[in-house]
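*Asks:* Below you'll find query_1.tsv; it's TSV, C-alpha atoms.
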```
chain	number	residue	atom	x	y	z
A	1	MET	CA	6.74	-23.08	-21.97
A	2	ARG	CA	9.07	-22.47	-19.07
A	3	ALA	CA	9.24	-18.90	-17.74
A	4	ASP	CA	12.99	-18.42	-17.90
A	5	GLU	CA	14.68	-15.03	-18.15
A	6	ALA	CA	15.94	-15.35	-21.73
A	7	THR	CA	12.59	-16.52	-23.12
A	8	LEU	CA	10.59	-13.88	-21.31
A	9	ALA	CA	12.99	-11.11	-22.33
A	10	ARG	CA	12.83	-12.24	-25.98
A	11	LEU	CA	9.01	-12.36	-25.86
A	12	MET	CA	8.86	-8.90	-24.29
A	13	SER	CA	11.16	-7.46	-26.96
A	14	LEU	CA	8.97	-8.97	-29.68
A	15	SER	CA	5.87	-7.66	-27.91
A	16	GLN	CA	7.26	-4.15	-27.76
A	17	ALA	CA	7.89	-4.42	-31.51
A	18	GLY	CA	4.18	-5.23	-32.03
A	19	ASP	CA	4.15	-9.05	-32.26
A	20	ARG	CA	0.69	-10.01	-30.93
A	21	GLN	CA	1.40	-13.73	-30.74
A	22	ALA	CA	4.55	-13.12	-28.70
A	23	TYR	CA	2.57	-10.81	-26.41
A	24	ALA	CA	-0.14	-13.43	-25.84
A	25	THR	CA	2.52	-16.05	-25.06
A	26	LEU	CA	4.29	-13.60	-22.73
A	27	LEU	CA	1.07	-12.89	-20.83
A	28	GLU	CA	0.38	-16.62	-20.41
A	29	ALA	CA	3.88	-17.24	-19.09
A	30	CYS	CA	3.68	-14.22	-16.78
A	31	GLN	CA	0.30	-15.37	-15.51
A	32	ARG	CA	1.75	-18.77	-14.52
A	33	TRP	CA	4.76	-17.11	-12.88
A	34	LEU	CA	2.54	-14.64	-10.98
A	35	ARG	CA	0.27	-17.42	-9.73
A	36	GLY	CA	3.31	-19.13	-8.22
A	37	TYR	CA	4.62	-15.86	-6.80
A	38	TYR	CA	1.32	-14.88	-5.15
A	39	SER	CA	0.17	-18.34	-4.07
A	40	ARG	CA	2.60	-18.23	-1.15
A	41	ARG	CA	1.66	-14.68	-0.16
A	42	ILE	CA	-2.13	-14.22	-0.31
A	43	ALA	CA	-5.39	-16.05	0.28
A	44	PRO	CA	-6.50	-18.25	-2.64
A	45	SER	CA	-9.73	-16.25	-2.95
A	46	SER	CA	-7.74	-13.14	-3.94
A	47	LEU	CA	-5.28	-14.86	-6.27
A	48	ASP	CA	-7.06	-14.42	-9.61
A	49	ASP	CA	-7.88	-10.75	-8.99
A	50	LEU	CA	-4.33	-9.89	-7.98
A	51	VAL	CA	-2.84	-11.76	-10.95
A	52	GLN	CA	-5.15	-9.85	-13.29
A	53	GLU	CA	-4.33	-6.51	-11.67
A	54	THR	CA	-0.63	-7.26	-12.10
A	55	LEU	CA	-1.06	-8.25	-15.74
A	56	ILE	CA	-2.89	-4.97	-16.33
A	57	ALA	CA	-0.01	-3.11	-14.65
A	58	LEU	CA	2.46	-5.03	-16.84
A	59	HIS	CA	0.42	-4.02	-19.89
A	60	THR	CA	0.39	-0.33	-18.96
A	61	LYS	CA	4.09	-0.29	-18.04
A	62	ARG	CA	5.39	-2.48	-20.87
A	63	ALA	CA	6.90	0.49	-22.70
A	64	SER	CA	9.06	1.26	-19.67
A	65	TRP	CA	10.93	-2.06	-19.81
A	66	ASP	CA	14.49	-1.65	-21.08
A	67	ALA	CA	15.71	-4.58	-23.20
A	68	SER	CA	19.23	-4.15	-21.83
A	69	ARG	CA	17.96	-5.07	-18.34
A	70	PRO	CA	16.62	-8.41	-17.05
A	71	PHE	CA	12.88	-9.00	-17.41
A	72	LEU	CA	12.08	-11.10	-14.32
A	73	PRO	CA	13.28	-8.54	-11.73
A	74	TRP	CA	11.20	-5.93	-13.56
A	75	LEU	CA	8.13	-8.18	-13.41
A	76	ALA	CA	8.85	-9.07	-9.77
A	77	ALA	CA	8.98	-5.37	-8.86
A	78	ILE	CA	5.58	-4.78	-10.45
A	79	ALA	CA	4.21	-7.88	-8.66
A	80	ARG	CA	5.60	-6.72	-5.34
A	81	TYR	CA	4.03	-3.25	-5.67
A	82	ARG	CA	0.66	-4.82	-6.57
A	83	TRP	CA	0.97	-7.17	-3.58
A	84	VAL	CA	1.73	-4.28	-1.19
A	85	ASP	CA	-1.24	-2.34	-2.59
A	86	HIS	CA	-3.40	-5.42	-2.03
A	87	LEU	CA	-2.24	-5.68	1.59
A	88	ARG	CA	-2.96	-1.98	2.15
A	89	LYS	CA	-6.50	-2.44	0.85
A	90	LEU	CA	-7.04	-5.38	3.20
A	91	TYR	CA	-5.61	-3.44	6.13
A	92	ARG	CA	-7.79	-0.41	5.43
A	93	ALA	CA	-10.88	-2.59	5.03
A	94	ASN	CA	-10.21	-4.22	8.41
A	95	GLU	CA	-9.50	-0.82	9.94
A	96	ASP	CA	-12.79	0.57	8.60
A	97	GLU	CA	-14.70	-2.38	10.06
A	98	LEU	CA	-13.07	-1.78	13.44
A	99	ARG	CA	-13.83	1.95	13.26
A	100	GLU	CA	-17.48	1.23	12.45
A	101	GLU	CA	-17.68	-1.12	15.43
A	102	LEU	CA	-16.24	1.55	17.72
A	103	ILE	CA	-18.44	4.31	16.36
A	104	GLY	CA	-21.50	2.08	16.53
A	105	SER	CA	-21.12	1.39	20.23
A	106	ASP	CA	-21.65	4.18	22.74
A	107	SER	CA	-20.30	2.51	25.83
A	108	GLU	CA	-19.05	4.76	28.60
A	109	PRO	CA	-15.42	3.48	28.61
A	110	GLU	CA	-15.06	4.18	24.90
A	111	ILE	CA	-16.50	7.67	25.24
A	112	ALA	CA	-14.21	8.37	28.21
A	113	ALA	CA	-11.20	7.09	26.26
A	114	ARG	CA	-12.09	9.29	23.29
A	115	LEU	CA	-12.45	12.36	25.53
A	116	SER	CA	-9.13	11.60	27.24
A	117	LEU	CA	-7.43	11.26	23.87
A	118	GLU	CA	-8.91	14.55	22.69
A	119	ARG	CA	-7.72	16.30	25.87
A	120	LEU	CA	-4.22	14.90	25.45
A	121	LEU	CA	-4.04	15.91	21.79
A	122	ALA	CA	-5.21	19.43	22.69
A	123	LEU	CA	-2.03	19.83	24.77
A	124	LEU	CA	0.11	19.49	21.65
A	125	PRO	CA	0.96	22.28	19.20
A	126	PRO	CA	-1.80	22.51	16.57
A	127	ALA	CA	0.38	21.23	13.70
A	128	GLN	CA	1.32	18.10	15.64
A	129	GLU	CA	-2.22	17.55	16.90
A	130	ARG	CA	-3.65	17.79	13.38
A	131	VAL	CA	-1.26	15.35	11.67
A	132	ILE	CA	-1.49	12.80	14.50
A	133	ALA	CA	-5.29	12.93	14.26
A	134	LEU	CA	-5.20	12.58	10.47
A	135	VAL	CA	-2.64	9.79	10.23
A	136	LYS	CA	-2.96	7.81	13.45
A	137	ILE	CA	-6.68	8.19	14.15
A	138	GLU	CA	-8.35	8.82	10.78
A	139	GLY	CA	-5.96	6.54	8.87
A	140	LEU	CA	-4.77	8.91	6.16
A	141	SER	CA	-1.41	8.28	4.53
A	142	ILE	CA	1.50	10.64	5.06
A	143	SER	CA	1.03	12.15	1.59
A	144	GLU	CA	-2.72	12.63	2.15
A	145	ALA	CA	-2.05	14.33	5.49
A	146	SER	CA	0.57	16.48	3.79
A	147	GLN	CA	-1.96	17.63	1.22
A	148	ALA	CA	-4.66	18.22	3.84
A	149	THR	CA	-2.42	20.33	6.10
A	150	GLY	CA	-0.11	22.01	3.60
A	151	GLN	CA	2.93	20.59	5.42
A	152	SER	CA	5.64	18.74	3.53
A	153	GLU	CA	5.66	14.96	3.91
A	154	SER	CA	8.87	15.08	5.94
A	155	LEU	CA	7.41	17.74	8.23
A	156	VAL	CA	4.32	15.57	8.74
A	157	LYS	CA	6.57	12.67	9.78
A	158	VAL	CA	8.59	14.90	12.12
A	159	ASN	CA	5.43	16.38	13.69
A	160	ILE	CA	3.99	12.91	14.26
A	161	HIS	CA	7.22	11.68	15.84
A	162	ARG	CA	7.62	14.71	18.09
A	163	GLY	CA	3.94	14.78	19.04
A	164	LEU	CA	3.85	11.10	19.97
A	165	LYS	CA	7.04	11.54	21.97
A	166	LYS	CA	5.46	14.46	23.89
A	167	LEU	CA	2.31	12.43	24.51
A	168	ALA	CA	4.35	9.52	25.85
A	169	LEU	CA	6.20	11.85	28.22
A	170	MET	CA	2.92	13.41	29.42
A	171	ILE	CA	1.43	9.98	30.10
A	172	GLU	CA	4.55	8.83	31.95
A	173	LYS	CA	4.41	11.92	34.19
A	174	GLU	CA	0.79	11.17	35.09
```
Let me see whether you can do it: turn the structure in this file into structure tokens.
*Replies:*
Amino acid sequence: MRADEATLARLMSLSQAGDRQAYATLLEACQRWLRGYYSRRIAPSSLDDLVQETLIALHTKRASWDASRPFLPWLAAIARYRWVDHLRKLYRANEDELREELIGSDSEPEIAARLSLERLLALLPPAQERVIALVKIEGLSISEASQATGQSESLVKVNIHRGLKKLALMIEKE
């Protein structure tokens, strides 16, 4: 079966009405479409896992699909969000490995750099210092930093921007 818009939309409508055979056919067609979508974006070793995660997301969000709207853009949006989440996981895993390498080595230049960074951050207002440390050094997201500090997400972004700008000016003066 070819994964065209009309066929997929009809299968999804039948699936929402409780047709198990239509749902199984829909999942097979979506699986083939997702494999093609992801094969150009991720490593082959991650393909099956990401396809399965996306099919699970499709399953949990299937009630949110509106039959008056096209199916493929809806599926593509779910796939894109899963892909971005996958990239974030990879980025954080690489970041954690790098952090472990830095923490594991006690060379003098690294210790001096850390002390210099701490001295520079101490020159900033406490709110700016805290969010820069949380987001840029510890790797928290904006929303996680917002929760940790009690600042709104937009205030966290503003404090990071202003703090980094102040740091850049201080470094230029030196």
*Asks:* Identify, on the basis of only C-alpha atoms, every residue whose closest approach to His86 (chain A) does not exceed 9 Å; exclude the query and any residue fewer than 5 positions from it along the same chain; express the result as a VMD selection string.
*Replies:* chain A and resid 50 81 91
*Asks:* Could you give me, as a count of residues only, the residues within 10 Å of region 41-46 of chain A, counting only C-alpha atoms and dropping anything in the same chain fewer than 6 positions from it?
*Replies:* 4
*Asks:* Need to verify the contact set: Thr149 (chain A), 9 Å, all atoms listed in the file, exclusion of same-chain residues closer than 3 positions in sequence. Can you return it as a list in words?
*Replies:*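 Contacts, with the query itself left out: Ala127, Arg130, Val131, Glu144, Ala145, Ser146, Ser152 and Val156 of chain A.
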*Asks:* Restricting the calculation to only C-alpha atoms, which member of A:Leu164, A:Ala3, A:Ala133, A:Ala93 is positioned closest to Gly36 (chain A)?
*Replies:*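 The closest residue to Gly36 (chain A) is A:Ala3.
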*Asks:* Could you tell me which of A:His59, A:Arg32, A:Arg119, A:Arg40 comes closest to Gln16 (chain A) if we count all atoms listed in the file?
*Replies:*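 Looking only at the distances to Gln16 (chain A), the closest residue turns out to be A:His59.
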*Asks:* From the list A:Leu34, A:Leu124, A:Ala67, A:Val135, which residue is nearest Leu11 (chain A) when using only C-alpha atoms?
*Replies:*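 Comparing A:Leu34, A:Leu124, A:Ala67, A:Val135 against Leu11 (chain A), the winner is A:Ala67.
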*Asks:* Would you kindly return, as a PyMOL selection string, each protein, DNA or RNA residue with an atom no farther than 9 Å from any atom of Ala9 (chain A), considering all atoms listed in the file and excluding same-chain residues fewer than 3 positions away?
*Replies:* chain A and resi 4-6+12-14+67+69-72
*Asks:* For a cut-off of 12 Å around (-0.3, -4.3, -17.0), file coordinates, pick out all residues using all atoms listed in the file and list them as a list of chain:residue names.
*Replies:*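 Result, sorted by chain then residue number: A:Tyr23, A:Leu26, A:Leu27, A:Cys30, A:Gln31, A:Leu50, A:Val51, A:Gln52, A:Glu53, A:Thr54, A:Leu55, A:Ile56, A:Ala57, A:Leu58, A:His59, A:Thr60, A:Lys61, A:Arg62, A:Ala63, A:Ser64, A:Trp65, A:Leu75, A:Ile78, A:Ala79, A:Arg82.
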*Asks:* Working from the structure I just supplied, which lacks atoms in region 78-91 of chain A, can you model N, CA and C atoms there and output them as an mmCIF file, in the coordinates of the input?
*Replies:*
```cif
data_model
loop_
_atom_site.group_PDB
_atom_site.id
_atom_site.type_symbol
_atom_site.label_atom_id
_atom_site.label_comp_id
_atom_site.auth_asym_id
_atom_site.auth_seq_id
_atom_site.Cartn_x
_atom_site.Cartn_y
_atom_site.Cartn_z
ATOM 1 N N ILE A 78 6.986 -5.118 -10.211
ATOM 2 C CA ILE A 78 5.580 -4.780 -10.450
ATOM 3 C C ILE A 78 4.697 -5.655 -9.554
ATOM 4 N N ALA A 79 5.001 -6.944 -9.482
ATOM 5 C CA ALA A 79 4.210 -7.880 -8.660
ATOM 6 C C ALA A 79 4.275 -7.478 -7.193
ATOM 7 N N ARG A 80 5.453 -7.098 -6.741
ATOM 8 C CA ARG A 80 5.600 -6.720 -5.340
ATOM 9 C C ARG A 80 4.778 -5.474 -5.018
ATOM 10 N N TYR A 81 4.820 -4.472 -5.901
ATOM 11 C CA TYR A 81 4.030 -3.250 -5.670
ATOM 12 C C TYR A 81 2.533 -3.569 -5.649
ATOM 13 N N ARG A 82 2.072 -4.423 -6.543
ATOM 14 C CA ARG A 82 0.660 -4.820 -6.570
ATOM 15 C C ARG A 82 0.299 -5.550 -5.272
ATOM 16 N N TRP A 83 1.203 -6.413 -4.805
ATOM 17 C CA TRP A 83 0.970 -7.170 -3.580
ATOM 18 C C TRP A 83 0.864 -6.229 -2.377
ATOM 19 N N VAL A 84 1.761 -5.255 -2.289
ATOM 20 C CA VAL A 84 1.730 -4.280 -1.190
ATOM 21 C C VAL A 84 0.437 -3.475 -1.252
ATOM 22 N N ASP A 85 0.032 -3.055 -2.443
ATOM 23 C CA ASP A 85 -1.240 -2.340 -2.590
ATOM 24 C C ASP A 85 -2.408 -3.203 -2.117
ATOM 25 N N HIS A 86 -2.364 -4.479 -2.453
ATOM 26 C CA HIS A 86 -3.400 -5.420 -2.030
ATOM 27 C C HIS A 86 -3.449 -5.500 -0.507
ATOM 28 N N LEU A 87 -2.293 -5.612 0.135
ATOM 29 C CA LEU A 87 -2.240 -5.680 1.590
ATOM 30 C C LEU A 87 -2.760 -4.400 2.226
ATOM 31 N N ARG A 88 -2.448 -3.255 1.623
ATOM 32 C CA ARG A 88 -2.960 -1.980 2.150
ATOM 33 C C ARG A 88 -4.484 -1.945 2.085
ATOM 34 N N LYS A 89 -5.045 -2.416 0.973
ATOM 35 C CA LYS A 89 -6.500 -2.440 0.850
ATOM 36 C C LYS A 89 -7.117 -3.319 1.931
ATOM 37 N N LEU A 90 -6.528 -4.485 2.154
ATOM 38 C CA LEU A 90 -7.040 -5.380 3.200
ATOM 39 C C LEU A 90 -6.941 -4.723 4.564
ATOM 40 N N TYR A 91 -5.816 -4.085 4.836
ATOM 41 C CA TYR A 91 -5.610 -3.440 6.130
ATOM 42 C C TYR A 91 -6.624 -2.328 6.333
#
```
